[in-house]
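One file, my_file.cif, is given below (mmCIF, C-alpha atoms).
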```cif
data_input
#
loop_
_atom_site.label_atom_id
_atom_site.label_comp_id
_atom_site.auth_asym_id
_atom_site.auth_seq_id
_atom_site.Cartn_x
_atom_site.Cartn_y
_atom_site.Cartn_z
CA ARG A 1 86.60 131.47 109.56
CA PHE A 2 86.79 134.35 112.08
CA LEU A 3 83.41 133.57 113.66
CA LEU A 4 84.30 129.87 114.01
CA ARG A 5 87.80 130.30 115.42
CA LYS A 6 86.87 128.89 118.86
CA TYR A 7 85.43 125.80 117.20
CA PHE A 8 88.62 125.23 115.21
CA ARG A 9 90.80 125.65 118.29
CA LYS A 10 88.84 123.01 120.19
CA LEU A 11 88.77 120.55 117.31
CA ASN A 12 92.40 121.03 116.37
CA ALA A 13 93.51 120.51 119.97
CA PHE A 14 92.24 116.95 120.00
CA SER A 15 91.35 116.04 116.44
CA LEU A 16 91.01 112.47 115.23
CA GLU A 17 94.53 112.78 113.83
CA VAL A 18 95.92 113.85 117.20
CA ALA A 19 94.18 110.97 118.99
CA LEU A 20 95.45 108.39 116.51
CA LYS A 21 99.04 109.62 116.79
CA GLU A 22 98.84 109.55 120.58
CA ALA A 23 98.33 105.77 120.40
CA SER A 24 102.02 105.33 119.65
CA GLY A 25 102.72 106.23 123.27
CA VAL A 26 101.13 103.01 124.54
CA ILE A 27 102.12 100.60 121.74
CA ASP A 28 105.57 99.02 121.71
CA ALA A 29 107.78 99.18 118.63
CA SER A 30 107.27 95.57 117.52
CA ALA A 31 103.48 95.82 117.70
CA MET A 32 103.61 99.12 115.81
CA GLU A 33 105.52 97.45 112.98
CA GLU A 34 102.96 94.63 112.90
CA ILE A 35 100.16 97.19 112.58
CA LYS A 36 101.94 98.89 109.69
CA VAL A 37 102.38 95.57 107.89
CA PHE A 38 98.70 94.73 108.46
CA ILE A 39 97.49 98.08 107.14
CA LYS A 40 99.65 97.81 104.02
CA SER A 41 98.31 94.30 103.42
CA ARG A 42 94.75 95.65 103.32
CA GLN A 43 95.42 98.10 100.52
CA THR A 44 94.03 96.75 97.25
CA ARG A 45 95.31 96.99 93.70
CA GLU A 46 92.84 99.84 93.13
CA GLY A 47 94.62 101.83 95.84
CA GLY A 48 91.79 101.89 98.37
CA PHE A 49 91.40 99.70 101.43
CA ALA A 50 89.47 96.46 101.70
CA ASP A 51 86.73 95.22 103.98
CA ARG A 52 86.89 91.73 105.51
CA GLU A 53 85.88 90.14 102.21
CA GLY A 54 88.61 91.95 100.31
CA LYS A 55 86.28 94.41 98.59
CA CYS A 56 87.52 97.96 98.27
CA ASP A 57 85.24 100.90 99.07
CA LEU A 58 85.34 104.51 100.27
CA TYR A 59 84.20 103.65 103.78
CA TYR A 60 87.11 101.33 104.58
CA THR A 61 89.45 103.58 102.64
CA LEU A 62 88.61 106.44 104.99
CA PHE A 63 89.76 104.40 107.99
CA GLY A 64 92.82 103.08 106.16
CA GLY A 65 93.81 106.57 105.10
CA PHE A 66 93.55 108.01 108.60
CA VAL A 67 95.59 105.17 110.10
CA SER A 68 98.22 105.32 107.35
CA GLU A 69 98.68 109.03 107.93
CA ALA A 70 98.91 108.61 111.72
CA LEU A 71 101.53 105.84 111.39
CA ASP A 72 103.37 107.61 108.56
CA ILE A 73 103.03 104.73 106.09
CA LYS A 74 104.19 106.80 103.15
CA GLU A 75 104.21 104.06 100.51
CA VAL A 76 100.41 103.73 100.48
CA PHE A 77 99.70 107.32 99.46
CA PRO A 78 100.46 107.46 95.70
CA SER A 79 97.98 104.72 94.81
CA LEU A 80 95.58 105.89 97.54
CA ARG A 81 95.38 109.33 95.96
CA ASN A 82 94.78 107.81 92.53
CA TYR A 83 91.91 105.73 93.93
CA ILE A 84 90.35 108.78 95.61
CA ARG A 85 90.60 110.87 92.43
CA LYS A 86 89.16 108.13 90.23
CA THR A 87 86.32 107.20 92.58
CA ALA A 88 85.33 110.76 93.43
CA ARG A 89 85.29 111.84 89.78
CA SER A 90 83.77 108.82 88.09
CA GLY A 91 81.68 107.36 90.88
CA ASN A 92 78.38 108.56 92.23
CA PRO A 93 78.75 108.28 96.02
CA GLU A 94 75.65 108.63 98.16
CA GLY A 95 74.97 108.76 101.89
CA ILE A 96 77.95 108.01 104.09
CA TYR A 97 80.10 107.35 100.99
CA LEU A 98 79.55 110.94 99.87
CA HIS A 99 80.96 112.20 103.16
CA CYS A 100 83.86 109.71 102.95
CA ALA A 101 84.74 110.84 99.42
CA ALA A 102 84.76 114.50 100.41
CA ILE A 103 86.87 113.98 103.55
CA LEU A 104 89.34 111.73 101.73
CA TRP A 105 89.75 114.23 98.91
CA ALA A 106 90.29 117.11 101.31
CA LYS A 107 92.85 115.18 103.34
CA PHE A 108 94.86 113.52 100.61
CA CYS A 109 94.23 115.60 97.48
CA GLY A 110 94.01 118.89 99.34
CA LYS A 111 95.86 121.00 96.79
CA GLU A 112 93.30 120.07 94.16
CA PRO A 113 89.79 121.56 94.35
CA LEU A 114 86.98 119.16 95.18
CA PRO A 115 85.33 117.92 91.94
CA VAL A 116 82.46 120.26 91.06
CA LYS A 117 79.74 117.58 90.93
CA LEU A 118 80.83 116.05 94.21
CA ARG A 119 80.95 119.43 95.94
CA GLU A 120 77.55 120.49 94.58
CA LYS A 121 75.93 117.24 95.70
CA LEU A 122 77.50 117.47 99.13
CA ILE A 123 76.54 121.11 99.67
CA ASP A 124 72.97 120.34 98.57
CA ARG A 125 72.87 117.53 101.12
CA LEU A 126 74.19 119.77 103.86
CA ALA A 127 71.72 122.52 102.98
CA ASP A 128 68.84 120.04 103.23
CA SER A 129 69.84 118.92 106.73
CA ALA A 130 66.99 119.41 109.15
CA THR A 131 67.32 121.82 112.04
CA GLY A 132 66.51 119.23 114.68
CA GLU A 133 68.47 116.35 113.19
CA ALA A 134 70.12 113.71 115.34
CA ALA A 135 73.37 114.52 117.08
CA TYR A 136 75.27 111.89 115.08
CA ALA A 137 74.18 113.39 111.74
CA THR A 138 75.04 116.88 113.00
CA PHE A 139 78.50 115.70 114.03
CA LEU A 140 79.08 114.03 110.64
CA ASN A 141 78.00 117.17 108.80
CA LEU A 142 80.22 119.37 110.95
CA LEU A 143 83.17 117.04 110.44
CA THR A 144 82.71 117.05 106.67
CA CYS A 145 82.40 120.84 106.49
CA TYR A 146 85.51 121.15 108.65
CA TYR A 147 87.63 118.99 106.33
CA ILE A 148 86.47 120.56 103.07
CA ARG A 149 86.68 124.04 104.65
CA HIS A 150 83.07 124.86 103.75
CA PHE A 151 82.83 127.80 106.13
CA ALA A 152 79.38 128.96 105.08
CA GLY A 153 78.02 125.46 105.71
CA LEU A 154 79.81 125.30 109.05
CA PHE A 155 78.35 128.59 110.14
CA ARG A 156 74.81 127.59 109.14
CA LEU A 157 75.14 124.31 111.02
CA TRP A 158 76.66 126.12 113.97
CA LYS A 159 73.77 128.57 114.26
CA ARG A 160 71.11 125.87 114.26
CA ILE A 161 72.74 123.21 116.42
CA ARG A 162 70.28 121.92 118.97
CA VAL A 163 71.57 119.20 121.23
CA GLN A 164 68.31 117.83 122.60
CA MET A 165 69.10 114.60 124.41
CA ASP A 166 66.20 113.23 126.41
CA SER A 167 66.22 110.02 128.41
CA GLY A 168 64.97 107.92 125.51
CA ASN A 169 66.51 104.64 124.45
CA LYS A 170 69.34 106.09 122.38
CA PRO A 171 72.48 104.11 121.45
CA SER A 172 75.75 105.16 123.00
CA THR A 173 77.04 106.56 119.68
CA VAL A 174 74.29 109.20 119.74
CA TRP A 175 75.29 110.28 123.26
CA THR A 176 78.92 110.26 122.11
CA ALA A 177 78.17 112.62 119.23
CA GLY A 178 76.04 114.74 121.53
CA VAL A 179 78.93 115.20 123.97
CA VAL A 180 81.28 116.30 121.17
CA VAL A 181 78.77 118.66 119.55
CA ALA A 182 77.74 120.19 122.88
CA HIS A 183 81.36 120.75 123.91
CA LEU A 184 82.13 122.40 120.58
CA ARG A 185 79.08 124.63 120.99
CA GLY A 186 80.10 125.58 124.52
CA LEU A 187 77.03 123.94 126.06
CA PRO A 188 77.02 121.99 129.35
CA THR A 189 78.04 118.34 128.92
CA ASP A 190 77.83 116.96 132.48
CA GLU A 191 74.44 115.33 132.06
CA MET A 192 75.32 113.78 128.71
CA VAL A 193 78.66 112.54 130.06
CA SER A 194 76.77 110.85 132.91
CA ARG A 195 74.42 109.24 130.40
CA LEU A 196 77.34 108.04 128.30
CA LEU A 197 79.08 106.52 131.32
CA GLU A 198 76.01 104.36 131.92
CA PHE A 199 77.11 102.30 128.92
CA ARG A 200 80.43 101.37 130.60
CA ARG A 201 80.83 97.69 131.48
CA GLN A 202 83.01 96.07 134.15
CA ASP A 203 85.50 94.74 131.59
CA GLY A 204 86.41 98.28 130.52
CA SER A 205 84.26 98.37 127.40
CA PHE A 206 81.30 100.54 126.43
CA SER A 207 78.22 98.89 124.94
CA ALA A 208 76.13 100.02 122.00
CA THR A 209 72.87 99.91 123.98
CA LEU A 210 72.03 100.01 127.67
CA LYS A 211 70.59 96.49 127.59
CA ALA A 212 73.64 94.96 125.89
CA PRO A 213 75.57 92.86 128.45
CA ARG A 214 78.89 93.33 126.65
CA GLY A 215 80.64 96.16 124.93
CA ASP A 216 82.40 96.46 121.57
CA LEU A 217 85.42 98.31 120.29
CA LEU A 218 83.56 100.87 118.16
CA SER A 219 81.35 102.00 121.03
CA THR A 220 84.32 101.98 123.41
CA ALA A 221 86.62 103.99 121.14
CA VAL A 222 84.18 106.75 120.26
CA ALA A 223 82.98 107.03 123.86
CA LEU A 224 86.55 107.42 125.15
CA TYR A 225 87.31 109.97 122.42
CA ALA A 226 84.22 112.03 123.29
CA LEU A 227 84.90 111.90 127.02
CA LYS A 228 88.50 113.01 126.54
CA PHE A 229 87.46 115.66 124.02
CA ALA A 230 85.06 117.16 126.55
CA GLY A 231 87.74 117.17 129.26
CA HIS A 232 86.45 114.30 131.38
CA ASP A 233 89.09 112.65 133.61
CA LEU A 234 89.63 109.05 132.48
CA THR A 235 92.07 108.10 135.24
CA LEU A 236 89.75 105.76 137.14
CA ILE A 237 88.52 103.84 134.11
CA LYS A 238 91.82 103.81 132.21
CA PRO A 239 93.29 100.49 133.49
CA ALA A 240 90.21 98.42 132.61
CA CYS A 241 89.77 100.18 129.26
CA LEU A 242 93.41 99.58 128.32
CA ALA A 243 93.10 95.91 129.21
CA TYR A 244 89.94 95.56 127.14
CA VAL A 245 91.44 97.17 124.03
CA ASP A 246 94.71 95.26 124.41
CA ALA A 247 92.82 91.95 124.44
CA LEU A 248 91.33 92.77 121.03
CA TYR A 249 94.73 93.09 119.34
CA CYS A 250 95.37 90.27 116.87
CA ASP A 251 97.92 89.79 114.07
CA GLY A 252 98.65 93.48 113.58
CA GLY A 253 95.09 94.71 113.85
CA PHE A 254 92.15 94.99 116.20
CA CYS A 255 88.95 92.94 116.32
CA ALA A 256 85.47 94.31 116.90
CA ALA A 257 84.78 92.38 120.12
CA PRO A 258 86.19 89.50 122.21
CA THR A 259 84.03 87.04 120.25
CA GLU A 260 85.71 88.08 116.97
CA GLU A 261 88.98 86.62 115.71
CA ILE A 262 89.54 88.52 112.46
CA PRO A 263 90.92 92.09 112.59
CA ASP A 264 90.06 94.66 109.94
CA VAL A 265 91.02 98.20 108.97
CA GLU A 266 87.97 99.87 110.49
CA TYR A 267 88.48 98.36 113.93
CA THR A 268 92.21 98.97 113.80
CA PHE A 269 91.29 102.65 113.48
CA TYR A 270 89.02 102.31 116.52
CA GLY A 271 91.68 100.46 118.50
CA LEU A 272 94.18 103.25 117.90
CA LEU A 273 91.54 105.91 118.61
CA ALA A 274 90.76 104.30 121.97
CA LEU A 275 94.42 103.97 122.95
CA GLY A 276 95.19 107.51 121.86
CA SER A 277 92.28 108.88 123.85
CA LEU A 278 93.52 107.05 126.94
CA ASN A 279 97.08 108.24 126.42
CA HIS A 280 96.40 111.94 125.75
#
```

Whole structure, structure tokens version:
Amino acid sequence: RFLLRKYFRKLNAFSLEVALKEASGVIDASAMEEIKVFIKSRQTREGGFADREGKCDLYYTLFGGFVSEALDIKEVFPSLRNYIRKTARSGNPEGIYLHCAAILWAKFCGKEPLPVKLREKLIDRLADSATGEAAYATFLNLLTCYYIRHFAGLFRLWKRIRVQMDSGNKPSTVWTAGVVVAHLRGLPTDEMVSRLLEFRRQDGSFSATLKAPRGDLLSTAVALYALKFAGHDLTLIKPACLAYVDALYCDGGFCAAPTEEIPDVEYTFYGLLALGSLNH
């Protein structure tokens, strides 16, 4: 904990939670109430949150949990905690779901120790992470260790972080993660920020790939978060970005792109993340 104190200060100063709460500064009261109603409507009988087809899983529950906390939707938490406990103990999450289960448990069942099997599996996965792994995987591992307070894992990851970003055809999310990881590590970010800004489109969005003619909300939200996290001034791009995100608002939620008409929990998280990053 002592050796990583600078890392915690940087992450705490503009955490995901802080960014999501900042969104309230650019959303009027009536729209905020609509968002709360929408989020509550996506909670299932199991207590988790549903995807577009109404199926409940840990991935969508992670987004629903973060948004519910940011908007102080207290009534969702009792059944949410029951779903997390049941799924983490009886399920066998793998891959991204393993990370979701651990983060959800740490956030919403924090006074209870992480289930032994889940913790052992997660720590084994973190220990097996390759030294030169992609920036996105490094960011995900760091985020998970941060939430479960696995300080030994954090320190090991910290010592071996290598942000090697060449000019290859990488998606914008990899550059986004690279900016965050480099800033946390105290490494220069100017070149990576310049690379990330190449994905910006005239309508205020960021695209997933350089060749994509249009952007999407996920790429836009995480890019804005990373840029703000690293201290980049968003003043010049803010008006267009705000207009782009605002146009994606629909019936209490946010859609993935202008061609979409159905909002969901995941993209509502990204909508709030984008607005909060622009408002901070």

Checklist entry - Could you pull the residues within 9 Å of Phe229 in chain A, counting only C-alpha atoms, minus those fewer than 5 positions along the same chain, as a list in words? => result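 In the requested form, the answer reads Lys10, Leu11, Ala13, Phe14, Ser15, Val179, Val180, His183, Leu224 and Ser277 of chain A.
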
Next on the checklist: Measuring between all atoms listed in the file, which one of A:Phe38, A:Tyr60, A:Tyr7, A:Phe155 shows the shortest distance to Gly252 in chain A?
Outcome noted: A:Phe38

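Remark: for Glu33 in chain A, the closest of the candidate residues A:Leu71, A:Pro93, A:Leu126, A:Asp264 is A:Leu71 (distances computed over all atoms listed in the file).
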
Next on the checklist: Give me, as a list in words, all polymer residues having an atom no more than 9 Å from Arg52 in chain A, counting only C-alpha atoms and skipping those fewer than 5 positions away in the same chain.
Outcome noted: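 Those residues are Ile262, Pro263, Asp264 and Val265 of chain A.
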
Checklist entry - How many Å lie between CA of Arg119 in chain A and CA of Lys55 in chain A, rounded to one decimal? => result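 Taking CA of Arg119 in chain A as the start and CA of Lys55 in chain A as the end point, the length is 25.7 Å.
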
Checklist entry - CA of Phe269 in chain A and CA of Tyr146 in chain A, how far apart in Å? => result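 Taking CA of Tyr146 in chain A as the start and CA of Phe269 in chain A as the end point, the length is 20.0 Å.
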
Next on the checklist: Env of Tyr83 in chain A: 8 Å cut, atoms = only C-alpha atoms, seq-sep filter 2 positions within chain, self excluded. Answer as a ChimeraX atom specification.
Outcome noted: /A:46-48,79-81,85-87

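Closest to Asn169 in chain A among A:Phe77, A:Tyr147, A:Tyr270, A:Phe199 is A:Phe199, based on all atoms listed in the file.
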
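The gap separating CA of Asp124 in chain A from CA of Asn141 in chain A is 11.8 Å, in Å to one decimal.
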
Let me have the centre and edge lengths in Å, one decimal, of the box along x, y and z around every listed atom of range 40-47 of chain A with 8 Å of margin on each side, as lines of an AutoDock Vina configuration file.
```
center_x = 96.2
center_y = 98.1
center_z = 98.6
size_x = 22.8
size_y = 23.5
size_z = 26.9
```

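In this comparison, which uses all atoms listed in the file, the residue of A:Leu114, A:Phe8, A:Ser194, A:Ser172 approaching Lys211 in chain A most closely is A:Ser172.
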
Next on the checklist: With the PyMOL selection byres ((chain A and resi 250) around 10) as the selection, what would be picked from this file? Answer as a list in words, please.
Outcome noted: Ala31, Glu34, Ile35, Asp246, Ala247, Leu248, Tyr249, Asp251, Gly252, Gly253, Phe254, Cys255, Glu260, Glu261, Ile262, Pro263, Asp264 and Thr268 of chain A

Item to check | Neighbour list for range 19-21 of chain A as a list in words, cut-off 6 Å, only C-alpha atoms, skip fewer than 6 positions in-chain | outcome: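 Residues near the query, excluding close chain neighbours: Ala70, Leu272, Leu273, Gly276 and Ser277 of chain A.
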
Which neighbours of range 97-102 of chain A fall inside 12 Å, counting only C-alpha atoms, when residues of the same chain fewer than 3 positions from it are skipped, and could you give them as a PDB file with C-alpha atoms, keeping the file's coordinate frame?
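The result, stored in result-v7.pdb:
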```pdb
ATOM      1  CA  GLY A  48      91.790 101.890  98.370  1.00  0.00           C
ATOM      2  CA  ASP A  57      85.240 100.900  99.070  1.00  0.00           C
ATOM      3  CA  LEU A  58      85.340 104.510 100.270  1.00  0.00           C
ATOM      4  CA  TYR A  59      84.200 103.650 103.780  1.00  0.00           C
ATOM      5  CA  TYR A  60      87.110 101.330 104.580  1.00  0.00           C
ATOM      6  CA  THR A  61      89.450 103.580 102.640  1.00  0.00           C
ATOM      7  CA  LEU A  62      88.610 106.440 104.990  1.00  0.00           C
ATOM      8  CA  PHE A  63      89.760 104.400 107.990  1.00  0.00           C
ATOM      9  CA  GLY A  64      92.820 103.080 106.160  1.00  0.00           C
ATOM     10  CA  GLY A  65      93.810 106.570 105.100  1.00  0.00           C
ATOM     11  CA  PHE A  66      93.550 108.010 108.600  1.00  0.00           C
ATOM     12  CA  ARG A  81      95.380 109.330  95.960  1.00  0.00           C
ATOM     13  CA  TYR A  83      91.910 105.730  93.930  1.00  0.00           C
ATOM     14  CA  ILE A  84      90.350 108.780  95.610  1.00  0.00           C
ATOM     15  CA  ARG A  85      90.600 110.870  92.430  1.00  0.00           C
ATOM     16  CA  LYS A  86      89.160 108.130  90.230  1.00  0.00           C
ATOM     17  CA  THR A  87      86.320 107.200  92.580  1.00  0.00           C
ATOM     18  CA  ALA A  88      85.330 110.760  93.430  1.00  0.00           C
ATOM     19  CA  ARG A  89      85.290 111.840  89.780  1.00  0.00           C
ATOM     20  CA  SER A  90      83.770 108.820  88.090  1.00  0.00           C
ATOM     21  CA  GLY A  91      81.680 107.360  90.880  1.00  0.00           C
ATOM     22  CA  ASN A  92      78.380 108.560  92.230  1.00  0.00           C
ATOM     23  CA  PRO A  93      78.750 108.280  96.020  1.00  0.00           C
ATOM     24  CA  GLU A  94      75.650 108.630  98.160  1.00  0.00           C
ATOM     25  CA  TRP A 105      89.750 114.230  98.910  1.00  0.00           C
ATOM     26  CA  ALA A 106      90.290 117.110 101.310  1.00  0.00           C
ATOM     27  CA  LYS A 107      92.850 115.180 103.340  1.00  0.00           C
ATOM     28  CA  PHE A 108      94.860 113.520 100.610  1.00  0.00           C
ATOM     29  CA  CYS A 109      94.230 115.600  97.480  1.00  0.00           C
ATOM     30  CA  GLY A 110      94.010 118.890  99.340  1.00  0.00           C
ATOM     31  CA  GLU A 112      93.300 120.070  94.160  1.00  0.00           C
ATOM     32  CA  PRO A 113      89.790 121.560  94.350  1.00  0.00           C
ATOM     33  CA  LEU A 114      86.980 119.160  95.180  1.00  0.00           C
ATOM     34  CA  PRO A 115      85.330 117.920  91.940  1.00  0.00           C
ATOM     35  CA  VAL A 116      82.460 120.260  91.060  1.00  0.00           C
ATOM     36  CA  LYS A 117      79.740 117.580  90.930  1.00  0.00           C
ATOM     37  CA  LEU A 118      80.830 116.050  94.210  1.00  0.00           C
ATOM     38  CA  ARG A 119      80.950 119.430  95.940  1.00  0.00           C
ATOM     39  CA  GLU A 120      77.550 120.490  94.580  1.00  0.00           C
ATOM     40  CA  LYS A 121      75.930 117.240  95.700  1.00  0.00           C
ATOM     41  CA  LEU A 122      77.500 117.470  99.130  1.00  0.00           C
ATOM     42  CA  ILE A 123      76.540 121.110  99.670  1.00  0.00           C
ATOM     43  CA  ASP A 124      72.970 120.340  98.570  1.00  0.00           C
ATOM     44  CA  ARG A 125      72.870 117.530 101.120  1.00  0.00           C
ATOM     45  CA  LEU A 126      74.190 119.770 103.860  1.00  0.00           C
ATOM     46  CA  ALA A 137      74.180 113.390 111.740  1.00  0.00           C
ATOM     47  CA  PHE A 139      78.500 115.700 114.030  1.00  0.00           C
ATOM     48  CA  LEU A 140      79.080 114.030 110.640  1.00  0.00           C
ATOM     49  CA  ASN A 141      78.000 117.170 108.800  1.00  0.00           C
ATOM     50  CA  LEU A 142      80.220 119.370 110.950  1.00  0.00           C
ATOM     51  CA  LEU A 143      83.170 117.040 110.440  1.00  0.00           C
ATOM     52  CA  THR A 144      82.710 117.050 106.670  1.00  0.00           C
ATOM     53  CA  CYS A 145      82.400 120.840 106.490  1.00  0.00           C
ATOM     54  CA  TYR A 146      85.510 121.150 108.650  1.00  0.00           C
ATOM     55  CA  TYR A 147      87.630 118.990 106.330  1.00  0.00           C
ATOM     56  CA  ILE A 148      86.470 120.560 103.070  1.00  0.00           C
ATOM     57  CA  ARG A 149      86.680 124.040 104.650  1.00  0.00           C
ATOM     58  CA  HIS A 150      83.070 124.860 103.750  1.00  0.00           C
TER      59      HIS A 150
END
```

Next on the checklist: On this structure, the PyMOL selection byres ((chain A and resi 197) around 12) would catch which residues? List them as an MDAnalysis selection string, sorted by chain and number.
Outcome noted: chainID A and resid 172:173 175:176 179 190:196 198:202 204:210 219:220 223:224 226:227 232:234 237

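Ranking A:Val18, A:Ile39, A:Ala240, A:Leu218 by their shortest atom-to-atom distance to Gly271 in chain A, with all atoms listed in the file included, puts A:Leu218 first.
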
Next on the checklist: Just checking: using all atoms listed in the file, which residue out of A:Thr138, A:Ala152, A:Ala23, A:Arg214 ends up closest to Leu184 in chain A?
Outcome noted: A:Thr138
